[in-house]
>>> print(open('query.txt').read())   # compact mmCIF, C-alpha atoms
# COMPACT_ATOMS: atom_id res chain seq x y z
CA MET A 1 54.74 262.03 -52.88
CA ARG A 2 53.35 261.46 -49.39
CA LEU A 3 52.71 264.34 -47.04
CA ARG A 4 54.80 264.13 -43.85
CA LEU A 5 53.44 265.77 -40.73
CA SER A 6 54.88 266.84 -37.44
CA VAL A 7 52.66 266.74 -34.36
CA PRO A 8 51.80 269.10 -31.51
CA ILE A 9 54.44 269.39 -28.77
CA ALA A 10 51.94 268.26 -26.12
CA LEU A 11 51.43 265.01 -27.99
CA LEU A 12 55.14 264.44 -28.48
CA LEU A 13 55.79 264.82 -24.76
CA ALA A 14 53.48 261.85 -24.17
CA SER A 15 55.06 259.61 -26.80
CA THR A 16 57.12 257.28 -24.57
CA ALA A 17 55.80 253.76 -25.09
CA LEU A 18 55.03 251.34 -22.31
CA PRO A 19 55.82 247.66 -22.86
CA ALA A 20 52.85 245.75 -24.22
CA ALA A 21 51.17 243.54 -21.65
CA ALA A 22 51.87 239.82 -22.05
CA GLU A 23 48.17 239.08 -21.57
CA PRO A 24 45.32 241.50 -22.36
CA PRO A 25 43.02 242.39 -19.47
CA GLU A 26 40.09 239.99 -19.21
CA THR A 27 37.03 241.67 -20.71
CA THR A 28 33.74 239.88 -20.15
CA SER A 29 30.13 240.50 -21.06
CA THR A 30 26.76 239.32 -19.79
CA ARG A 31 23.46 239.27 -21.68
CA ILE A 32 20.23 239.71 -19.73
CA ALA A 33 16.83 239.27 -21.42
CA LEU A 34 14.62 242.13 -20.22
CA ARG A 35 11.46 240.06 -20.72
CA ASP A 36 12.49 238.17 -17.60
CA ALA A 37 12.45 241.36 -15.49
CA PRO A 38 9.20 242.72 -13.99
CA LEU A 39 7.56 245.63 -15.85
CA THR A 40 6.63 248.55 -13.57
CA ARG A 41 3.62 250.83 -13.98
CA ASP A 42 5.75 253.42 -15.75
CA ALA A 43 6.96 250.80 -18.30
CA THR A 44 10.42 250.40 -16.77
CA ARG A 45 12.33 247.16 -16.32
CA GLU A 46 15.13 246.83 -13.76
CA VAL A 47 17.90 244.24 -13.95
CA HIS A 48 20.81 243.33 -11.69
CA ALA A 49 24.09 241.90 -12.98
CA ASP A 50 25.97 239.16 -11.15
CA ARG A 51 29.19 241.16 -11.49
CA ALA A 52 29.91 244.86 -11.78
CA PHE A 53 30.06 246.35 -15.28
CA GLY A 54 31.43 249.50 -16.89
CA LEU A 55 29.51 249.75 -20.17
CA ILE A 56 26.07 248.71 -21.36
CA GLY A 57 24.18 248.45 -24.63
CA LEU A 58 20.76 247.17 -25.70
CA THR A 59 20.23 244.70 -28.55
CA TRP A 60 17.14 243.41 -30.37
CA ARG A 61 15.81 241.64 -33.44
CA GLY A 62 13.46 243.34 -35.90
CA PRO A 63 12.60 247.05 -36.05
CA ALA A 64 14.45 249.41 -33.74
CA PRO A 65 12.61 251.09 -30.86
CA ASP A 66 11.67 254.74 -31.39
CA ARG A 67 12.90 255.59 -27.90
CA ILE A 68 15.44 253.98 -25.58
CA GLU A 69 16.36 255.40 -22.17
CA VAL A 70 18.59 253.87 -19.54
CA ARG A 71 20.01 254.68 -16.13
CA THR A 72 22.35 252.73 -13.88
CA ARG A 73 23.07 252.40 -10.19
CA SER A 74 26.38 252.53 -8.40
CA GLY A 75 27.36 253.22 -4.82
CA SER A 76 26.15 256.84 -5.14
CA GLY A 77 22.65 255.90 -6.36
CA TRP A 78 20.82 256.09 -9.66
CA THR A 79 22.16 258.22 -12.50
CA PRO A 80 19.92 260.51 -14.59
CA TRP A 81 18.12 258.91 -17.54
CA THR A 82 20.17 258.84 -20.76
CA ALA A 83 18.68 258.44 -24.25
CA LEU A 84 20.47 256.01 -26.58
CA GLU A 85 20.22 256.02 -30.37
CA PRO A 86 20.13 252.83 -32.45
CA ILE A 87 23.65 252.29 -33.73
CA ASP A 88 24.17 253.21 -37.39
CA SER A 89 27.78 252.28 -37.97
CA ALA A 90 27.74 248.61 -38.90
CA PRO A 91 29.67 246.85 -41.65
CA GLU A 92 27.77 246.25 -44.89
CA ARG A 93 26.57 242.78 -43.86
CA ASP A 94 24.02 241.25 -41.51
CA THR A 95 24.93 241.87 -37.89
CA GLN A 96 23.19 242.10 -34.52
CA GLN A 97 21.12 245.28 -34.10
CA GLY A 98 21.78 247.40 -31.06
CA SER A 99 21.97 250.79 -29.40
CA GLU A 100 24.97 253.00 -29.05
CA PRO A 101 26.95 251.85 -25.99
CA LEU A 102 26.91 253.80 -22.74
CA TRP A 103 29.90 254.06 -20.39
CA THR A 104 28.52 253.73 -16.87
CA GLY A 105 31.57 253.54 -14.65
CA ARG A 106 31.45 250.76 -12.08
CA SER A 107 27.76 249.85 -11.73
CA ASP A 108 25.71 246.80 -10.79
CA SER A 109 22.11 247.51 -11.89
CA ALA A 110 20.26 249.14 -14.78
CA GLN A 111 16.76 250.38 -15.56
CA VAL A 112 15.47 250.51 -19.13
CA ARG A 113 12.54 252.21 -20.87
CA ALA A 114 11.87 251.63 -24.56
CA SER A 115 8.91 252.09 -26.90
CA ARG A 116 7.91 251.86 -30.55
CA GLY A 117 4.86 253.76 -31.76
CA GLY A 118 4.09 254.66 -28.17
CA VAL A 119 3.95 251.00 -27.11
CA ASP A 120 6.36 249.46 -24.60
CA VAL A 121 8.89 247.11 -26.24
CA THR A 122 11.34 246.57 -23.38
CA GLY A 123 10.47 242.86 -23.43
CA ASP A 124 12.03 242.63 -26.93
CA LEU A 125 15.43 243.85 -25.72
CA GLU A 126 18.50 242.27 -24.18
CA LEU A 127 20.85 244.23 -21.96
CA VAL A 128 24.55 243.71 -22.63
CA ALA A 129 26.68 244.50 -19.55
CA ILE A 130 30.45 244.61 -20.13
CA ASP A 131 33.25 244.49 -17.57
CA PRO A 132 36.38 245.83 -19.34
CA GLY A 133 38.84 244.50 -16.77
CA THR A 134 41.69 246.51 -15.28
CA ALA A 135 45.12 247.54 -16.52
CA PRO A 136 47.51 250.49 -16.05
CA ALA A 137 46.77 253.53 -18.21
CA PRO A 138 48.98 253.20 -21.33
CA ALA A 139 51.05 255.94 -22.97
CA PRO A 140 50.79 256.79 -26.67
CA ARG A 141 53.67 256.44 -29.13
CA SER A 142 54.41 257.16 -32.79
CA SER A 143 54.87 254.04 -34.90
CA ALA A 144 55.05 255.54 -38.40
CA PRO A 145 56.80 258.62 -39.85
CA GLY A 146 54.85 261.77 -39.08
CA GLN A 147 52.11 259.88 -37.26
CA PRO A 148 50.81 261.54 -34.10
CA PRO A 149 51.34 259.44 -30.94
CA VAL A 150 48.75 256.69 -30.72
CA VAL A 151 47.92 254.08 -28.07
CA GLY A 152 48.12 250.87 -30.08
CA ARG A 153 45.84 247.86 -29.78
CA ALA A 154 48.36 245.90 -27.70
CA GLU A 155 48.83 248.85 -25.35
CA TRP A 156 45.11 249.43 -24.67
CA GLY A 157 44.58 245.71 -24.22
CA ALA A 158 42.84 244.35 -27.33
CA ASP A 159 42.19 240.63 -27.06
CA GLU A 160 43.06 239.71 -30.64
CA SER A 161 41.27 236.36 -30.33
CA GLN A 162 38.06 238.42 -30.56
CA MET A 163 39.14 239.96 -33.89
CA THR A 164 37.38 237.77 -36.47
CA TRP A 165 36.75 240.32 -39.26
CA PRO A 166 39.40 239.76 -41.95
CA PRO A 167 40.91 242.98 -43.33
CA GLU A 168 39.15 244.33 -46.44
CA ARG A 169 41.25 246.70 -48.51
CA THR A 170 39.94 250.06 -49.68
CA LYS A 171 41.35 253.41 -50.82
CA THR A 172 41.08 256.22 -48.29
CA LYS A 173 39.37 259.24 -49.84
CA ALA A 174 37.93 260.97 -46.76
CA VAL A 175 37.68 261.03 -42.96
CA THR A 176 34.32 260.60 -41.23
CA VAL A 177 34.09 262.25 -37.80
CA HIS A 178 31.91 260.63 -35.11
CA HIS A 179 31.26 260.70 -31.39
CA THR A 180 30.71 257.58 -29.31
CA ALA A 181 27.63 259.25 -27.71
CA GLY A 182 26.51 258.08 -24.28
CA THR A 183 28.30 260.20 -21.71
CA ASN A 184 31.32 262.41 -21.08
CA ASP A 185 31.45 261.24 -17.47
CA TYR A 186 34.68 259.24 -17.58
CA ALA A 187 38.19 259.91 -16.32
CA CYS A 188 40.96 259.91 -18.91
CA ARG A 189 42.72 257.15 -16.96
CA GLU A 190 39.64 255.03 -17.80
CA SER A 191 39.85 255.68 -21.55
CA ALA A 192 41.65 252.43 -22.41
CA ALA A 193 39.00 250.48 -20.48
CA LEU A 194 36.29 252.34 -22.39
CA VAL A 195 37.95 251.40 -25.71
CA ARG A 196 38.22 247.74 -24.60
CA ALA A 197 34.52 247.73 -23.71
CA ILE A 198 33.49 249.27 -27.06
CA TYR A 199 35.69 246.69 -28.81
CA ARG A 200 33.95 243.86 -26.97
CA TYR A 201 30.54 245.33 -27.77
CA HIS A 202 31.26 245.81 -31.48
CA ALA A 203 33.33 242.68 -32.10
CA VAL A 204 31.52 240.10 -29.98
CA GLU A 205 28.07 241.31 -28.95
CA LEU A 206 27.12 243.01 -32.23
CA LYS A 207 29.03 240.30 -34.14
CA TRP A 208 31.09 242.70 -36.27
CA GLY A 209 34.33 240.87 -35.55
CA ASP A 210 36.27 244.05 -34.64
CA ILE A 211 35.85 247.58 -33.36
CA GLY A 212 34.28 249.73 -36.07
CA TYR A 213 36.24 252.99 -35.76
CA HIS A 214 39.75 253.29 -37.15
CA ALA A 215 40.75 255.68 -34.37
CA LEU A 216 39.20 257.00 -31.15
CA VAL A 217 40.14 260.22 -29.35
CA ASP A 218 39.35 260.81 -25.68
CA LYS A 219 38.50 264.13 -24.04
CA CYS A 220 42.14 264.67 -23.08
CA GLY A 221 43.30 264.26 -26.69
CA THR A 222 44.78 260.76 -26.43
CA ILE A 223 44.41 258.83 -29.70
CA PHE A 224 43.65 255.09 -29.64
CA GLU A 225 44.11 252.68 -32.53
CA GLY A 226 40.84 251.06 -33.56
CA ARG A 227 40.15 248.73 -36.51
CA ALA A 228 42.96 246.21 -36.93
CA GLY A 229 45.35 247.31 -39.66
CA GLY A 230 43.48 250.56 -40.22
CA LEU A 231 46.43 252.82 -39.43
CA ARG A 232 49.20 251.13 -41.41
CA ASP A 233 46.91 250.19 -44.34
CA ASP A 234 43.66 251.31 -45.96
CA ILE A 235 41.14 248.92 -44.36
CA VAL A 236 37.34 249.05 -44.42
CA GLY A 237 35.84 249.87 -41.02
CA GLY A 238 32.34 249.76 -39.58
CA HIS A 239 31.47 253.34 -38.69
CA ALA A 240 29.08 254.76 -41.34
CA ARG A 241 26.98 252.09 -43.03
CA GLY A 242 26.75 252.80 -46.74
CA PHE A 243 29.94 254.87 -46.61
CA ASN A 244 32.47 252.55 -45.00
CA GLN A 245 34.22 252.06 -48.33
CA GLY A 246 36.82 254.77 -48.90
CA THR A 247 36.57 256.40 -45.47
CA PHE A 248 38.63 256.48 -42.27
CA GLY A 249 36.43 256.74 -39.15
CA VAL A 250 37.58 258.86 -36.21
CA SER A 251 35.35 258.98 -33.13
CA MET A 252 35.47 261.48 -30.28
CA MET A 253 34.86 259.58 -27.04
CA GLY A 254 31.85 261.20 -25.40
CA ASN A 255 28.58 262.91 -26.24
CA TYR A 256 29.10 266.18 -28.07
CA ASP A 257 25.50 267.19 -28.66
CA GLY A 258 25.43 269.74 -25.84
CA VAL A 259 29.12 269.80 -24.86
CA VAL A 260 31.90 271.35 -26.95
CA PRO A 261 34.84 268.97 -27.57
CA SER A 262 38.00 270.03 -25.75
CA ARG A 263 40.77 271.85 -27.58
CA ASP A 264 42.97 268.75 -27.09
CA THR A 265 40.32 266.53 -28.67
CA VAL A 266 39.91 268.81 -31.68
CA GLU A 267 43.69 269.05 -32.12
CA SER A 268 44.14 265.28 -32.02
CA VAL A 269 41.25 264.60 -34.41
CA ALA A 270 42.85 267.10 -36.79
CA ALA A 271 46.30 265.53 -36.36
CA ILE A 272 45.25 261.93 -37.04
CA SER A 273 43.02 263.06 -39.93
CA ALA A 274 45.79 265.12 -41.52
CA TRP A 275 48.27 262.27 -41.20
CA LYS A 276 45.95 259.56 -42.56
CA LEU A 277 44.76 261.68 -45.49
CA GLY A 278 48.39 262.61 -46.15
CA THR A 279 49.37 258.95 -46.51
CA ALA A 280 46.74 258.73 -49.26
CA GLU A 281 47.81 262.05 -50.85
CA VAL A 282 44.42 263.59 -50.07
CA ALA A 283 44.16 267.27 -49.08
CA ALA A 284 42.36 267.90 -45.78
CA ASP A 285 40.56 270.92 -47.27
CA GLY A 286 39.57 269.14 -50.48
CA ARG A 287 36.43 267.53 -51.78
CA THR A 288 35.78 264.03 -53.00
CA GLU A 289 32.99 261.83 -54.36
CA LEU A 290 31.81 258.65 -52.65
CA ILE A 291 29.39 256.07 -54.00
CA ALA A 292 26.65 255.27 -51.49
CA GLY A 293 26.19 251.66 -50.47
CA ARG A 294 22.98 250.05 -49.27
CA ALA A 295 21.94 251.41 -45.88
CA ASP A 296 18.47 251.81 -44.36
CA ASN A 297 19.41 254.98 -42.50
CA SER A 298 21.27 256.76 -45.30
CA HIS A 299 20.37 260.11 -46.83
CA PHE A 300 21.24 258.65 -50.24
CA PRO A 301 20.08 255.66 -52.31
CA ALA A 302 22.54 252.89 -53.07
CA GLY A 303 24.66 253.76 -56.09
CA ALA A 304 24.32 257.54 -55.73
CA ALA A 305 27.47 259.59 -56.34
CA VAL A 306 27.75 261.85 -53.29
CA PRO A 307 30.09 264.92 -53.25
CA LEU A 308 31.58 265.50 -49.79
CA PRO A 309 34.41 267.35 -48.05
CA THR A 310 37.42 265.15 -47.38
CA ILE A 311 36.65 265.60 -43.65
CA PHE A 312 32.92 265.29 -42.99
CA GLY A 313 30.52 264.40 -40.18
CA HIS A 314 28.57 261.15 -39.87
CA ARG A 315 25.31 263.09 -40.05
CA ASP A 316 26.24 264.32 -43.53
CA VAL A 317 25.55 260.84 -44.92
CA SER A 318 23.27 259.17 -42.32
CA LYS A 319 20.11 260.06 -40.41
CA THR A 320 21.83 260.45 -37.06
CA ALA A 321 22.81 263.20 -34.60
CA CYS A 322 26.45 261.98 -34.70
CA PRO A 323 28.92 263.60 -34.01
CA GLY A 324 26.56 265.74 -31.92
CA GLN A 325 25.65 269.35 -32.63
CA ARG A 326 28.64 270.82 -30.75
CA GLY A 327 30.94 268.25 -32.29
CA TYR A 328 29.64 269.01 -35.77
CA GLU A 329 30.24 272.71 -35.21
CA GLN A 330 33.96 271.95 -34.76
CA LEU A 331 34.40 270.43 -38.22
CA ASP A 332 35.54 273.71 -39.77
CA GLU A 333 38.23 274.05 -37.08
CA ILE A 334 39.27 270.41 -37.54
CA ARG A 335 39.60 270.95 -41.31
CA ALA A 336 41.55 274.17 -40.80
CA ARG A 337 44.00 272.61 -38.34
CA ALA A 338 44.43 269.48 -40.48
CA THR A 339 45.06 271.65 -43.53
CA ALA A 340 47.63 273.72 -41.65
CA LEU A 341 49.45 270.57 -40.50
CA GLN A 342 49.60 269.27 -44.06
CA ARG A 343 50.66 272.60 -45.53
CA ASP A 344 53.29 273.44 -42.92
CA HIS A 345 55.00 270.07 -43.05
CA ARG A 346 54.79 269.16 -46.72
CA PRO A 347 58.29 268.05 -47.83
>>> encode(input="query.txt", output="structure tokens")
Amino acid sequence: MRLRLSVPIALLLASTALPAAAEPPETTSTRIALRDAPLTRDATREVHADRAFGLIGLTWRGPAPDRIEVRTRSGSGWTPWTALEPIDSAPERDTQQGSEPLWTGRSDSAQVRASRGGVDVTGDLELVAIDPGTAPAPAPRSSAPGQPPVVGRAEWGADESQMTWPPERTKTKAVTVHHTAGTNDYACRESAALVRAIYRYHAVELKWGDIGYHALVDKCGTIFEGRAGGLRDDIVGGHARGFNQGTFGVSMMGNYDGVVPSRDTVESVAAISAWKLGTAEVAADGRTELIAGRADNSHFPAGAAVPLPTIFGHRDVSKTACPGQRGYEQLDEIRARATALQRDHRP
């Protein structure tokens, strides 16, 4: 018997759907080889894009840099330097290597510093600058019984011609909680644009064929549909390499290393986790066992049987800070709220 959940009143009040746009907003990306930019005395390279962008990432071939720092320029000047981790969320197949993406807001220039073993490697990197296009902020809706309101792919403007990763079936046994890292400096009206930009980065620039997360939650608690088919079915995502099989990836949009996720964010992560686990008849306060796949950055060798809570953090299985220290500290609250939702609304 499936668990049926109700959702918080605040989410229900926002559940009126907007008509899907006939055409998705045009999202474009530009690649700039940093080796073509001058190297300053402090090992920094500066590049200028032909058109304004809203999100950037760095890609490379071979070993990842030990350190990557970026800053961007807009009308108000240069931002502070931001450190970016190599991304550790890919599907279990060969894909382009890259950093976590960084939402920049409307910017036109970037500076990059990167090193490996104390030696500058900026010349090995390419900057990916993404313009997510513009569209009205969409409203979330519920599309399945008991599901919390979600902004679907059509509503946030997914260009489905970019979705080239055929669905791979799995059996959901647990939820993995992430953060998108980068910055918290975005307005909630920009959240759909941020999701479109991450989709472009994952699907096209990193060559995954789709966005890796099954769901994303912004700092105001709005839930966005991620991986195609991942809500209505059990579909493999690309969010925790080595542990993509059997897991549903939910990512909090922002960097939660030094910032505590908002109450709305925690509530929505709990709501979508409770609902998805409920569809698979998995208790939110339970434990499960996952078999580790091959992954260079995993805590576990391939084939290891790994006992885990049914809601766990990315760092529990991979050598990463994700979902940030403050985000990780909220996992007990997320489990408690998800458990309460399942218990209170079990038929």
>>> closest_residue(input="query.txt", among="A:Gly324, A:Pro63, A:Gly54, A:Gly258", to="Arg106 of chain A", atoms="only C-alpha atoms")
A:Gly54
>>> residues_around(input="query.txt", residues="His202 of chain A", least_positions_apart="2", cutoff="10 Å", atoms="all atoms listed in the file", output="list in words")
Ser89, Ala90, Thr95, Gln96, Gly98, Glu100, Pro101, Arg196, Ala197, Ile198, Tyr199, Arg200, Val204, Glu205, Leu206, Lys207, Trp208, Gly209, Asp210, Ile211, Gly212, Tyr213 and Gly238 of chain A
>>> residues_around(input="query.txt", residues="segment 171-187 of chain A", least_positions_apart="2", cutoff="6 Å", atoms="only C-alpha atoms", output="list in words")
Leu102, Arg189, Glu190, Asp234, Gly246, Thr247, Phe248, Gly249, Val250, Ser251, Met252, Met253, Gly254, Asn255, Thr310, Ile311, Phe312, Gly313, His314, Cys322 and Pro323 of chain A
>>> write_last_selection(input="query.txt", atoms="C-alpha atoms", output="PDB file, keeping the file's coordinate frame")
ATOM      1  CA  LEU A 102      26.910 253.800 -22.740  1.00  0.00           C
ATOM      2  CA  ARG A 189      42.720 257.150 -16.960  1.00  0.00           C
ATOM      3  CA  GLU A 190      39.640 255.030 -17.800  1.00  0.00           C
ATOM      4  CA  ASP A 234      43.660 251.310 -45.960  1.00  0.00           C
ATOM      5  CA  GLY A 246      36.820 254.770 -48.900  1.00  0.00           C
ATOM      6  CA  THR A 247      36.570 256.400 -45.470  1.00  0.00           C
ATOM      7  CA  PHE A 248      38.630 256.480 -42.270  1.00  0.00           C
ATOM      8  CA  GLY A 249      36.430 256.740 -39.150  1.00  0.00           C
ATOM      9  CA  VAL A 250      37.580 258.860 -36.210  1.00  0.00           C
ATOM     10  CA  SER A 251      35.350 258.980 -33.130  1.00  0.00           C
ATOM     11  CA  MET A 252      35.470 261.480 -30.280  1.00  0.00           C
ATOM     12  CA  MET A 253      34.860 259.580 -27.040  1.00  0.00           C
ATOM     13  CA  GLY A 254      31.850 261.200 -25.400  1.00  0.00           C
ATOM     14  CA  ASN A 255      28.580 262.910 -26.240  1.00  0.00           C
ATOM     15  CA  THR A 310      37.420 265.150 -47.380  1.00  0.00           C
ATOM     16  CA  ILE A 311      36.650 265.600 -43.650  1.00  0.00           C
ATOM     17  CA  PHE A 312      32.920 265.290 -42.990  1.00  0.00           C
ATOM     18  CA  GLY A 313      30.520 264.400 -40.180  1.00  0.00           C
ATOM     19  CA  HIS A 314      28.570 261.150 -39.870  1.00  0.00           C
ATOM     20  CA  CYS A 322      26.450 261.980 -34.700  1.00  0.00           C
ATOM     21  CA  PRO A 323      28.920 263.600 -34.010  1.00  0.00           C
TER      22      PRO A 323
END
>>> closest_residue(input="query.txt", among="A:Arg67, A:Ser161, A:Glu85, A:Pro91", to="Ser115 of chain A", atoms="only C-alpha atoms")
A:Arg67
>>> atom_distance(input="query.txt", atom1="atom CA of Val236 of chain A", atom2="atom CA of Val150 of chain A")
19.4 Å
>>> atom_distance(input="query.txt", atom1="atom CA of Gly293 of chain A", atom2="atom CA of Ala240 of chain A")
10.1 Å
>>> closest_residue(input="query.txt", among="A:Ala284, A:Thr27, A:Arg241, A:Gly152", to="Arg315 of chain A", atoms="all atoms listed in the file")
A:Arg241
>>> atom_distance(input="query.txt", atom1="atom CA of Ser268 of chain A", atom2="atom CA of Gly229 of chain A")
19.6 Å
>>> decode(input="query.txt", residues="segment 55-79 of chain A", atoms="N, CA and C atoms", output="CSV table (one decimal), in the first residue's frame")
chain,number,residue,atom,x,y,z
A,55,LEU,N,25.4,32.2,-15.4
A,55,LEU,CA,26.0,31.1,-14.7
A,55,LEU,C,27.3,30.7,-15.4
A,56,ILE,N,28.3,30.3,-14.6
A,56,ILE,CA,29.5,29.8,-15.2
A,56,ILE,C,30.0,28.5,-14.5
A,57,GLY,N,30.8,27.8,-15.3
A,57,GLY,CA,31.5,26.6,-14.8
A,57,GLY,C,32.8,26.5,-15.5
A,58,LEU,N,33.7,25.7,-14.9
A,58,LEU,CA,35.0,25.4,-15.5
A,58,LEU,C,35.1,24.0,-15.9
A,59,THR,N,35.6,23.6,-17.1
A,59,THR,CA,35.8,22.3,-17.5
A,59,THR,C,37.3,22.0,-17.9
A,60,TRP,N,37.6,20.7,-17.9
A,60,TRP,CA,39.0,20.3,-18.2
A,60,TRP,C,39.1,18.9,-18.6
A,61,ARG,N,40.2,18.5,-19.1
A,61,ARG,CA,40.5,17.1,-19.4
A,61,ARG,C,41.7,16.7,-18.4
A,62,GLY,N,41.7,15.4,-18.0
A,62,GLY,CA,42.7,14.9,-17.1
A,62,GLY,C,42.4,15.2,-15.6
A,63,PRO,N,43.4,15.2,-14.8
A,63,PRO,CA,43.2,15.4,-13.3
A,63,PRO,C,42.6,16.7,-13.0
A,64,ALA,N,41.8,16.7,-12.0
A,64,ALA,CA,41.1,18.0,-11.5
A,64,ALA,C,42.1,18.9,-10.8
A,65,PRO,N,42.0,20.2,-10.9
A,65,PRO,CA,42.8,21.1,-10.1
A,65,PRO,C,42.5,20.9,-8.6
A,66,ASP,N,43.6,21.2,-7.8
A,66,ASP,CA,43.4,21.1,-6.4
A,66,ASP,C,42.6,22.3,-5.9
A,67,ARG,N,42.7,23.5,-6.6
A,67,ARG,CA,42.1,24.7,-6.2
A,67,ARG,C,41.5,25.4,-7.4
A,68,ILE,N,40.3,25.9,-7.3
A,68,ILE,CA,39.7,26.7,-8.4
A,68,ILE,C,39.0,27.8,-7.7
A,69,GLU,N,39.3,29.1,-8.1
A,69,GLU,CA,38.6,30.2,-7.6
A,69,GLU,C,38.2,31.1,-8.7
A,70,VAL,N,37.0,31.7,-8.6
A,70,VAL,CA,36.5,32.6,-9.7
A,70,VAL,C,35.8,33.8,-9.1
A,71,ARG,N,35.8,34.9,-9.8
A,71,ARG,CA,35.0,36.0,-9.5
A,71,ARG,C,34.5,36.6,-10.8
A,72,THR,N,33.4,37.4,-10.8
A,72,THR,CA,32.8,37.9,-12.0
A,72,THR,C,32.5,39.4,-11.8
A,73,ARG,N,32.3,40.0,-13.0
A,73,ARG,CA,32.1,41.5,-12.9
A,73,ARG,C,30.7,41.8,-13.6
A,74,SER,N,30.0,42.7,-12.9
A,74,SER,CA,28.8,43.2,-13.4
A,74,SER,C,28.8,44.7,-13.3
A,75,GLY,N,27.7,45.4,-13.4
A,75,GLY,CA,27.7,46.8,-13.3
A,75,GLY,C,28.2,47.4,-12.0
A,76,SER,N,28.1,46.6,-10.9
A,76,SER,CA,28.5,47.1,-9.6
A,76,SER,C,30.0,46.7,-9.3
A,77,GLY,N,30.7,46.1,-10.3
A,77,GLY,CA,32.1,45.8,-10.0
A,77,GLY,C,32.4,44.3,-9.8
A,78,TRP,N,33.6,44.0,-9.4
A,78,TRP,CA,34.0,42.6,-9.2
A,78,TRP,C,33.4,42.0,-7.9
A,79,THR,N,32.9,40.8,-8.0
A,79,THR,CA,32.4,40.1,-6.8
A,79,THR,C,33.6,39.6,-6.0
